[in-house]
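Chemist: Pasting final-v3.tsv below, which is TSV, C-alpha atoms and all ligand atoms.
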```
chain	number	residue	atom	x	y	z
A	1	MET	CA	-73.86	100.83	81.08
A	2	ARG	CA	-71.10	100.67	83.71
A	3	SER	CA	-68.60	103.49	83.46
A	4	THR	CA	-64.86	102.92	83.54
A	5	LYS	CA	-64.14	105.61	86.10
A	6	CYS	CA	-62.16	104.86	89.24
A	7	ALA	CA	-62.39	107.76	91.63
A	8	GLN	CA	-59.37	109.21	93.38
A	9	VAL	CA	-60.44	109.40	97.01
A	10	ILE	CA	-59.16	112.37	99.00
A	11	THR	CA	-59.64	113.29	102.66
A	12	VAL	CA	-59.20	116.91	103.71
A	13	ILE	CA	-58.37	117.05	107.39
A	14	ASN	CA	-56.71	119.02	110.16
A	15	LEU	CA	-57.27	119.35	113.90
A	16	LYS	CA	-57.39	123.11	113.81
A	17	GLY	CA	-60.62	124.94	113.04
A	18	GLY	CA	-60.97	127.64	110.40
A	19	VAL	CA	-57.81	126.71	108.47
A	20	GLY	CA	-59.71	126.22	105.21
A	21	LYS	CA	-60.57	122.50	105.21
A	22	THR	CA	-64.04	123.03	103.80
A	23	HIS	CA	-62.77	125.73	101.46
A	24	THR	CA	-60.14	123.33	100.11
A	25	THR	CA	-62.82	120.70	99.44
A	26	TRP	CA	-64.96	123.40	97.82
A	27	LEU	CA	-62.08	124.51	95.57
A	28	LEU	CA	-61.46	120.92	94.48
A	29	ALA	CA	-65.16	120.35	93.77
A	30	GLY	CA	-65.36	123.65	91.87
A	31	ASN	CA	-62.46	122.65	89.65
A	32	CYS	CA	-64.11	119.31	88.99
A	33	GLU	CA	-67.29	121.10	87.95
A	34	VAL	CA	-65.50	123.30	85.44
A	35	GLN	CA	-63.38	120.48	84.04
A	36	GLU	CA	-66.41	118.20	83.88
A	37	PHE	CA	-65.00	115.64	86.27
A	38	LYS	CA	-67.72	113.87	88.18
A	39	VAL	CA	-67.20	114.34	91.92
A	40	LEU	CA	-68.88	113.13	95.09
A	41	ALA	CA	-68.34	115.45	98.08
A	42	VAL	CA	-69.03	113.81	101.43
A	43	ASP	CA	-69.66	116.23	104.27
A	44	LEU	CA	-68.60	114.71	107.58
A	45	ASP	CA	-68.80	117.90	109.62
A	46	GLN	CA	-72.04	118.41	111.50
A	47	GLN	CA	-71.80	122.16	110.83
A	48	GLY	CA	-72.81	121.20	107.28
A	49	ASN	CA	-71.13	124.19	105.63
A	50	LEU	CA	-70.18	122.26	102.52
A	51	SER	CA	-73.63	120.67	102.22
A	52	ARG	CA	-75.33	124.07	102.44
A	53	ASN	CA	-73.24	125.45	99.60
A	54	LEU	CA	-74.06	122.52	97.36
A	55	MET	CA	-77.76	122.00	98.11
A	56	GLN	CA	-80.32	122.92	95.52
A	57	ASP	CA	-82.54	124.19	98.35
A	58	PRO	CA	-80.44	125.41	101.30
A	59	ASN	CA	-83.51	125.33	103.57
A	60	CYS	CA	-83.99	121.64	103.01
A	61	LYS	CA	-83.08	119.60	106.08
A	62	SER	CA	-81.45	116.28	105.23
A	63	THR	CA	-82.95	113.35	107.02
A	64	LEU	CA	-80.46	110.75	105.92
A	65	GLY	CA	-76.95	112.01	105.67
A	66	SER	CA	-73.39	110.82	106.08
A	67	ALA	CA	-74.05	109.78	109.73
A	68	SER	CA	-76.24	106.92	108.56
A	69	LEU	CA	-73.18	105.26	107.00
A	70	PHE	CA	-71.81	104.73	110.51
A	71	ASP	CA	-74.84	102.87	111.79
A	72	PRO	CA	-74.65	99.18	110.85
A	73	SER	CA	-78.23	98.66	112.06
A	74	GLN	CA	-79.57	101.03	109.38
A	75	ASP	CA	-78.05	99.00	106.55
A	76	VAL	CA	-78.20	102.05	104.31
A	77	ASP	CA	-77.66	101.75	100.60
A	78	PRO	CA	-75.11	104.55	100.04
A	79	THR	CA	-76.54	105.38	96.66
A	80	GLN	CA	-79.84	106.35	98.32
A	81	ILE	CA	-78.29	109.13	100.34
A	82	ILE	CA	-76.34	110.70	97.50
A	83	GLN	CA	-77.95	113.96	96.44
A	84	GLN	CA	-77.55	115.96	93.25
A	85	SER	CA	-76.15	119.39	93.93
A	86	LYS	CA	-77.09	122.48	91.98
A	87	PHE	CA	-73.99	121.86	89.86
A	88	PRO	CA	-74.23	119.13	87.22
A	89	HIS	CA	-70.93	117.41	87.99
A	90	ILE	CA	-71.07	117.58	91.78
A	91	ASP	CA	-73.05	115.10	93.89
A	92	PHE	CA	-72.88	115.16	97.64
A	93	ILE	CA	-73.78	113.39	100.84
A	94	ALA	CA	-75.05	115.88	103.37
A	95	ALA	CA	-74.03	116.30	106.97
A	96	ASN	CA	-76.53	116.85	109.71
A	97	SER	CA	-76.69	116.89	113.49
A	98	ALA	CA	-76.84	113.08	113.59
A	99	LEU	CA	-73.05	113.22	113.18
A	100	GLN	CA	-72.71	114.71	116.65
A	101	PRO	CA	-72.66	111.40	118.60
A	102	LEU	CA	-69.89	110.20	116.27
A	103	ASP	CA	-67.61	112.93	117.49
A	104	VAL	CA	-65.79	110.37	119.61
A	105	ALA	CA	-62.05	110.75	119.92
A	106	SER	CA	-61.22	107.54	121.74
A	107	GLN	CA	-60.30	104.74	119.35
A	108	LYS	CA	-61.18	102.22	122.05
A	109	GLU	CA	-64.83	103.12	121.62
A	110	TRP	CA	-65.07	102.27	117.94
A	111	GLU	CA	-62.19	100.05	116.87
A	112	PRO	CA	-63.61	96.91	118.54
A	113	ALA	CA	-66.71	97.31	116.34
A	114	ASP	CA	-64.58	98.12	113.26
A	115	LEU	CA	-66.46	101.37	112.75
A	116	GLN	CA	-63.37	102.91	111.17
A	117	PHE	CA	-64.32	100.91	108.04
A	118	SER	CA	-67.74	102.59	107.84
A	119	LEU	CA	-66.99	104.52	104.64
A	120	VAL	CA	-65.21	101.74	102.77
A	121	ASP	CA	-68.42	100.23	101.37
A	122	LEU	CA	-69.52	103.60	100.07
A	123	VAL	CA	-66.25	104.06	98.21
A	124	GLN	CA	-66.31	100.55	96.80
A	125	GLN	CA	-69.89	100.91	95.60
A	126	VAL	CA	-69.60	104.26	93.88
A	127	GLN	CA	-65.93	104.54	92.91
A	128	GLY	CA	-66.82	103.53	89.35
A	129	ASP	CA	-69.25	106.43	88.99
A	130	TYR	CA	-66.91	109.26	89.91
A	131	ASP	CA	-63.54	110.78	89.05
A	132	TYR	CA	-63.09	112.11	92.60
A	133	ILE	CA	-64.58	111.38	96.00
A	134	LEU	CA	-63.81	114.04	98.63
A	135	PHE	CA	-64.27	113.81	102.40
A	136	ASP	CA	-64.53	117.09	104.29
A	137	CYS	CA	-63.70	116.34	107.93
A	138	PRO	CA	-64.58	118.09	111.17
A	139	THR	CA	-62.01	119.79	113.31
A	140	LYS	CA	-61.74	117.12	115.96
A	141	LEU	CA	-59.77	113.99	115.15
A	142	SER	CA	-62.61	111.58	115.76
A	143	LEU	CA	-64.27	108.50	114.32
A	144	THR	CA	-65.41	110.31	111.17
A	145	GLY	CA	-61.88	111.49	110.35
A	146	PHE	CA	-60.38	108.05	110.95
A	147	ALA	CA	-63.10	106.47	108.80
A	148	ALA	CA	-62.40	108.94	105.99
A	149	LEU	CA	-58.67	108.16	106.14
A	150	THR	CA	-59.42	104.44	106.16
A	151	ALA	CA	-61.45	104.77	102.95
A	152	SER	CA	-59.12	107.18	101.10
A	153	ASP	CA	-56.17	107.03	98.74
A	154	PHE	CA	-54.86	110.49	99.60
A	155	VAL	CA	-54.90	113.16	102.31
A	156	ILE	CA	-54.54	116.92	102.07
A	157	VAL	CA	-53.81	118.83	105.28
A	158	PRO	CA	-54.57	122.56	105.03
A	159	LEU	CA	-52.56	124.79	107.36
A	160	GLU	CA	-52.65	128.42	108.22
A	161	PRO	CA	-49.31	130.24	108.16
A	162	ALA	CA	-49.35	130.63	111.91
A	163	ASP	CA	-47.70	128.81	114.77
A	164	TRP	CA	-47.53	125.31	113.29
A	165	GLY	CA	-46.95	123.76	116.68
A	166	ALA	CA	-50.45	124.82	117.68
A	167	GLN	CA	-52.15	123.35	114.64
A	168	GLY	CA	-52.13	119.75	115.70
A	169	VAL	CA	-50.25	118.82	112.56
A	170	GLU	CA	-48.17	116.28	114.38
A	171	LYS	CA	-51.28	114.55	115.70
A	172	VAL	CA	-52.84	114.49	112.24
A	173	THR	CA	-49.64	113.10	110.77
A	174	GLN	CA	-49.56	110.44	113.50
A	175	ALA	CA	-53.18	109.56	112.72
A	176	ILE	CA	-52.32	109.21	109.02
A	177	ASP	CA	-49.39	106.92	109.86
A	178	TYR	CA	-51.56	104.91	112.25
A	179	VAL	CA	-54.31	104.37	109.66
A	180	LYS	CA	-51.74	103.52	107.00
A	181	GLN	CA	-50.15	100.87	109.19
A	182	ARG	CA	-53.30	99.39	110.70
A	183	HIS	CA	-56.20	99.85	108.31
A	184	ASN	CA	-55.31	101.21	104.88
A	185	SER	CA	-51.85	100.74	103.39
A	186	ARG	CA	-52.86	102.68	100.22
A	187	LEU	CA	-53.13	105.96	102.11
A	188	GLU	CA	-50.66	108.67	101.00
A	189	LEU	CA	-50.19	112.18	102.28
A	190	LEU	CA	-50.63	114.26	99.13
A	191	GLY	CA	-49.38	117.34	100.89
A	192	TYR	CA	-49.67	120.15	103.40
A	193	LEU	CA	-51.48	123.09	101.84
A	194	ILE	CA	-50.64	126.54	103.15
A	195	SER	CA	-53.97	128.27	103.16
A	196	ARG	CA	-55.39	131.69	103.99
A	197	ILE	CA	-52.01	133.34	103.62
A	198	LYS	CA	-51.93	137.13	103.70
A	199	PRO	CA	-48.87	137.78	101.54
A	200	ARG	CA	-48.47	141.32	102.83
A	201	ARG	CA	-48.21	140.20	106.43
A	202	GLN	CA	-44.57	139.63	107.08
A	203	TYR	CA	-45.12	137.07	109.81
A	204	HIS	CA	-47.32	135.01	107.45
A	205	GLN	CA	-44.46	134.90	104.98
A	206	ILE	CA	-42.02	133.90	107.73
A	207	TYR	CA	-44.29	131.07	108.87
A	208	ALA	CA	-44.92	129.98	105.30
A	209	ASP	CA	-41.15	129.78	104.72
A	210	GLU	CA	-40.77	127.88	107.99
A	211	LEU	CA	-43.48	125.39	107.00
A	212	ARG	CA	-41.86	124.88	103.62
A	213	SER	CA	-38.45	124.18	105.08
A	214	ARG	CA	-40.00	121.87	107.66
A	215	TYR	CA	-42.12	119.83	105.24
A	216	GLY	CA	-39.99	120.10	102.10
A	217	LYS	CA	-41.64	118.51	99.08
A	218	LYS	CA	-44.63	117.53	101.19
A	219	ALA	CA	-45.71	121.19	101.17
A	220	PHE	CA	-47.75	122.10	98.09
A	221	ASP	CA	-46.02	124.66	95.84
A	222	THR	CA	-49.38	126.39	95.50
A	223	MET	CA	-50.48	128.45	98.47
A	224	ILE	CA	-54.08	129.65	98.80
A	225	PRO	CA	-54.09	133.35	99.68
A	226	ASP	CA	-56.69	134.90	101.95
A	227	TRP	CA	-58.60	136.83	99.31
A	228	ALA	CA	-62.03	138.40	99.47
A	229	GLY	CA	-63.00	136.73	96.19
A	230	TYR	CA	-62.81	133.32	97.85
A	231	GLU	CA	-65.02	134.40	100.73
A	232	GLN	CA	-67.50	135.99	98.29
A	233	ALA	CA	-67.68	132.78	96.26
A	234	VAL	CA	-68.55	130.89	99.46
A	235	THR	CA	-71.15	133.50	100.43
A	236	HIS	CA	-72.77	133.26	96.98
A	237	ALA	CA	-72.40	129.47	97.08
A	238	VAL	CA	-70.88	129.39	93.60
A	239	PRO	CA	-67.30	128.11	93.11
A	240	VAL	CA	-64.91	130.85	92.15
A	241	ASN	CA	-63.98	129.16	88.84
A	242	LEU	CA	-67.61	129.44	87.76
A	243	ARG	CA	-68.33	132.83	89.29
A	244	ARG	CA	-65.19	134.65	88.17
A	245	PRO	CA	-63.24	132.34	85.84
A	246	ASN	CA	-60.76	135.07	84.88
A	247	SER	CA	-60.01	136.22	88.41
A	248	LYS	CA	-56.73	135.74	90.27
A	249	GLU	CA	-58.66	133.52	92.71
A	250	ALA	CA	-59.74	131.20	89.89
A	251	ARG	CA	-56.20	131.10	88.49
A	252	VAL	CA	-54.76	129.97	91.84
A	253	ALA	CA	-57.60	127.44	92.24
A	254	ARG	CA	-56.67	125.97	88.84
A	255	GLU	CA	-52.98	125.87	89.80
A	256	PHE	CA	-53.87	124.06	93.01
A	257	PHE	CA	-55.97	121.50	91.18
A	258	ALA	CA	-53.26	120.94	88.55
A	259	GLU	CA	-50.77	120.32	91.36
A	260	VAL	CA	-53.15	117.86	93.02
A	261	GLU	CA	-53.42	115.96	89.72
A	262	THR	CA	-49.63	115.96	89.25
A	263	ARG	CA	-49.03	114.74	92.80
A	264	ILE	CA	-51.57	111.94	92.35
A	265	ARG	CA	-49.88	110.88	89.09
A	266	GLU	CA	-46.45	110.95	90.76
A	267	ALA	CA	-47.68	108.98	93.76
A	268	GLN	CA	-49.25	106.38	91.51
A	269	SER	CA	-46.25	105.98	89.23
A	270	GLY	CA	-43.98	105.69	92.31
A	271	ASP	CA	-46.32	103.03	93.63
A	272	ARG	CA	-46.20	101.10	90.33
A	273	ARG	CA	-42.38	101.29	90.32
A	274	ARG	CA	-42.28	99.99	93.90
A	275	ARG	CA	-44.60	97.13	93.02
A	276	ARG	CA	-42.52	96.20	89.95
A	277	ARG	CA	-39.37	96.15	92.12
A	278	VAL	CA	-41.02	93.90	94.67
A	279	SER	CA	-42.31	91.65	91.91
A	280	LYS	CA	-38.88	91.50	90.21
A	281	ASN	CA	-37.22	90.51	93.46
A	282	GLY	CA	-39.61	87.60	93.54
A	283	LEU	CA	-41.08	88.58	96.88
A	284	THR	CA	-44.57	88.66	95.50
A	285	ALA	CA	-46.23	88.55	92.12
A	286	ILE	CA	-48.62	91.41	91.54
B	1	LIG	N1	-58.36	131.43	101.13
B	1	LIG	C1	-59.38	132.03	101.71
B	1	LIG	N2	-59.63	133.35	101.49
B	1	LIG	C2	-60.68	133.95	102.10
B	1	LIG	N3	-61.52	133.35	102.94
B	1	LIG	C3	-61.32	132.04	103.19
B	1	LIG	C4	-60.25	131.32	102.60
B	1	LIG	N4	-60.29	130.03	103.05
B	1	LIG	C5	-61.34	129.96	103.88
B	1	LIG	N5	-61.95	131.15	103.97
B	1	LIG	C6	-63.10	131.48	104.81
B	1	LIG	O1	-62.69	131.29	106.16
B	1	LIG	C7	-63.71	130.65	106.91
B	1	LIG	C8	-63.17	129.33	107.48
B	1	LIG	O2	-62.83	128.50	106.38
B	1	LIG	P1	-63.28	126.98	106.33
B	1	LIG	O3	-64.72	126.86	106.76
B	1	LIG	O4	-62.92	126.43	105.03
B	1	LIG	O5	-62.34	126.38	107.45
B	1	LIG	P2	-62.46	124.96	108.16
B	1	LIG	O6	-61.09	124.54	108.47
B	1	LIG	O7	-63.27	124.05	107.33
B	1	LIG	O8	-63.24	125.35	109.47
B	1	LIG	P3	-64.05	124.39	110.48
B	1	LIG	O9	-63.01	123.87	111.42
B	1	LIG	O10	-65.04	125.30	111.12
B	1	LIG	O11	-64.66	123.29	109.68
B	1	LIG	C9	-64.89	130.49	105.97
B	1	LIG	O12	-65.75	131.59	106.14
B	1	LIG	C10	-64.25	130.52	104.59
B	1	LIG	O13	-65.14	131.01	103.62
B	2	MG	MG	-65.00	122.93	107.73
```
Represent the supplied structure as structure tokens.
Ligand SMILES: Nc1ncnc2c1ncn2[C@@H]1O[C@H](COP(=O)(O)OP(=O)(O)OP(=O)(O)O)[C@@H](O)[C@H]1O
Ligand SMILES: [Mg+2]
Modeler:
Amino acid sequence: MRSTKCAQVITVINLKGGVGKTHTTWLLAGNCEVQEFKVLAVDLDQQGNLSRNLMQDPNCKSTLGSASLFDPSQDVDPTQIIQQSKFPHIDFIAANSALQPLDVASQKEWEPADLQFSLVDLVQQVQGDYDYILFDCPTKLSLTGFAALTASDFVIVPLEPADWGAQGVEKVTQAIDYVKQRHNSRLELLGYLISRIKPRRQYHQIYADELRSRYGKKAFDTMIPDWAGYEQAVTHAVPVNLRRPNSKEARVAREFFAEVETRIREAQSGDRRRRRRVSKNGLTAI
């Protein structure tokens, strides 16, 4: 029986390391688990941190992982590389060192071969089986990140409340605009997520305020504090909503997920309104 799901596809990306990209993906997947949404988490970072936390056996080395999707000669059936995680609602595609050669920043090296479309088939084939598909990207803005953006509906950009000029946000935003114009007009920036904030550090608060005034509504209302409970959940490889459902960490994780859902709904209803306007003006019939 074919399900009627149609996954929302979200890329989590930033150029800066350690800002909480993988943690954001992990929080989203953890919320899906608790709310019984079926999710596919695709690890595109050769460090494999997300894969390790999801694997049933963390010592198991993946032979075929996300890198195989970028090799047209392998003609991989995406469904054969999807693994079941130790959580019933989370499947994943593992990262491994085979991603390393794909860490190519120059578009000239992969656009002629259309490799930026490498993840589109995957999404098309499995979108009906999942509520969410999540791409966790590496730190460098390379082929894998562009391919994730090309196959996604939405992007979340986690930021630390530190010098925003140094976080490569402008470059990421340019990459989003570039992909939207050239390869994937559906792509929408869901928001900038202020992450790892230490509320007691005054300069964090000042930067957070600065980011909010700079990005306006594009900054998520929810901020993810730097709390030990989050780090412990990662260390124990159990999402915080499952490990400590009544904790402050789990409450914020739920708020974040609720805001993601609201922003997706708003983006989609805005999109429908736009399409109706275009259709009414007789420019095109959709
Ligand atoms: N809100 C948080 N509170 C506490 N620890 C956090 C939080 N967010 C992330 N961490 C921890 O900080 C470290 C870096 O986070 P994470 O791996 O998510 O960043 P990243 O942007 O994915 O880094 P990389 O560029 O290496 O992929 C990890 O050990 C993670 O567990
Ligand atoms: Mg990461």
Chemist: Hey, which of A:Arg212, A:Lys140, A:Lys86, A:Arg52 ends up closest to ligand LIG 1 (chain B)? Count all atoms listed in the file.
Modeler: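 The answer is A:Lys140, which sits nearest to ligand LIG 1 (chain B).
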Chemist: Would you work out the distance separating atom C3 of ligand LIG 1 (chain B) from CA of Arg243 in chain A, expressed in Å to one decimal?
Modeler: 15.6 Å
Chemist: Around all of ligand LIG 1 (chain B)'s listed atoms, make the axis-aligned box with 6 Å on each side and tell me centre and edge lengths in Å to one decimal, as AutoDock Vina command-line options.
Modeler:
```
--center_x -62.1 --center_y 128.6 --center_z 106.3 --size_x 19.4 --size_y 22.7 --size_z 22.3
```
Chemist: Tell me which of A:Gly18, A:Gly30, A:Gly229, A:Pro101 sits closest to ligand MG 2 (chain B), counting only C-alpha atoms and all ligand atoms.
Modeler: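 Among the listed residues, the smallest separation from ligand MG 2 (chain B) belongs to A:Gly18.
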Chemist: Please report as a tab-separated table every residue of chain A lying within 7 Å of ligand LIG 1 (chain B), along with the nearest atom pair and their distance in Å (one decimal), using only C-alpha atoms and all ligand atoms.
Modeler:
```
residue	atom	partner	partner_atom	distance
A:Lys16	CA	B:LIG1	O9	6.2
A:Gly17	CA	B:LIG1	O9	3.1
A:Gly18	CA	B:LIG1	O8	3.4
A:Val19	CA	B:LIG1	O6	3.9
A:Gly20	CA	B:LIG1	O4	3.2
A:Lys21	CA	B:LIG1	O7	3.8
A:Thr22	CA	B:LIG1	O7	3.8
A:His23	CA	B:LIG1	O4	3.6
A:Thr24	CA	B:LIG1	O4	6.4
A:Asp45	CA	B:LIG1	O11	6.8
A:Pro138	CA	B:LIG1	O11	5.4
A:Thr139	CA	B:LIG1	O9	4.6
A:Ser195	CA	B:LIG1	N1	5.8
A:Arg196	CA	B:LIG1	N1	4.1
A:Ile224	CA	B:LIG1	N1	5.2
A:Pro225	CA	B:LIG1	N1	4.9
A:Asp226	CA	B:LIG1	N2	3.4
A:Trp227	CA	B:LIG1	N2	4.2
A:Ala228	CA	B:LIG1	C2	5.3
A:Gly229	CA	B:LIG1	C2	6.9
A:Tyr230	CA	B:LIG1	C2	4.8
A:Glu231	CA	B:LIG1	N3	4.3
A:Val234	CA	B:LIG1	O13	5.4
```
Chemist: Would you mind exporting C-alpha atoms of the selected residues as an mmCIF file, in the frame of the given file?
Modeler:
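Result file part.cif:
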```cif
data_model
loop_
_atom_site.group_PDB
_atom_site.id
_atom_site.type_symbol
_atom_site.label_atom_id
_atom_site.label_comp_id
_atom_site.auth_asym_id
_atom_site.auth_seq_id
_atom_site.Cartn_x
_atom_site.Cartn_y
_atom_site.Cartn_z
ATOM 1 C CA LYS A 16 -57.390 123.110 113.810
ATOM 2 C CA GLY A 17 -60.620 124.940 113.040
ATOM 3 C CA GLY A 18 -60.970 127.640 110.400
ATOM 4 C CA VAL A 19 -57.810 126.710 108.470
ATOM 5 C CA GLY A 20 -59.710 126.220 105.210
ATOM 6 C CA LYS A 21 -60.570 122.500 105.210
ATOM 7 C CA THR A 22 -64.040 123.030 103.800
ATOM 8 C CA HIS A 23 -62.770 125.730 101.460
ATOM 9 C CA THR A 24 -60.140 123.330 100.110
ATOM 10 C CA ASP A 45 -68.800 117.900 109.620
ATOM 11 C CA PRO A 138 -64.580 118.090 111.170
ATOM 12 C CA THR A 139 -62.010 119.790 113.310
ATOM 13 C CA SER A 195 -53.970 128.270 103.160
ATOM 14 C CA ARG A 196 -55.390 131.690 103.990
ATOM 15 C CA ILE A 224 -54.080 129.650 98.800
ATOM 16 C CA PRO A 225 -54.090 133.350 99.680
ATOM 17 C CA ASP A 226 -56.690 134.900 101.950
ATOM 18 C CA TRP A 227 -58.600 136.830 99.310
ATOM 19 C CA ALA A 228 -62.030 138.400 99.470
ATOM 20 C CA GLY A 229 -63.000 136.730 96.190
ATOM 21 C CA TYR A 230 -62.810 133.320 97.850
ATOM 22 C CA GLU A 231 -65.020 134.400 100.730
ATOM 23 C CA VAL A 234 -68.550 130.890 99.460
#
```
Chemist: Just to confirm, what's the straight-line distance from CA of Tyr130 in chain A to CA of Val39 in chain A in Å (one decimal)?
Modeler: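 Separation of CA of Tyr130 in chain A and CA of Val39 in chain A: 5.5 Å.
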Chemist: Calculated over all atoms listed in the file, which of the candidates A:Glu33, A:Asp75, A:Asp57, A:Asp103 has the smallest distance to Pro88 in chain A?
Modeler: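 Closest candidate: A:Glu33.
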Chemist: Quick one: residues within 12 Å of Arg251 in chain A, all atoms listed in the file counted, chain neighbours fewer than 5 positions away excluded, as number ranges by chain?
Modeler: A: 27, 31, 222-225, 229-230, 240-242, 244-246, 256-258
Chemist: For CA of Leu50 in chain A and CA of Thr144 in chain A, quote the distance in Å rounded to one decimal.
Modeler: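 Straight-line distance from CA of Leu50 in chain A to CA of Thr144 in chain A works out to 15.5 Å.
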Chemist: Within 12 Å of range 263-274 of chain A, counting only C-alpha atoms, which residues qualify if same-chain residues fewer than 6 places away don't, as an MDAnalysis selection string?
Modeler: chainID A and resid 7:10 132 153:156 185:192 217:222 256:257 280:281 283:284 286
Chemist: When distances are computed from only C-alpha atoms, which of A:Leu134, A:Ile13, A:Val104, A:Ile82 shows the smallest separation from Ala41 in chain A?
Modeler: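 Among A:Leu134, A:Ile13, A:Val104, A:Ile82, it is A:Leu134 that comes nearest to Ala41 in chain A.
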Chemist: With all atoms listed in the file as the basis for distance, which of A:Glu111, A:Tyr178, A:Asp129, A:Asp136 is at the shortest distance from ligand MG 2 (chain B)?
Modeler: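 Closest to ligand MG 2 (chain B), using all atoms listed in the file: A:Asp136.
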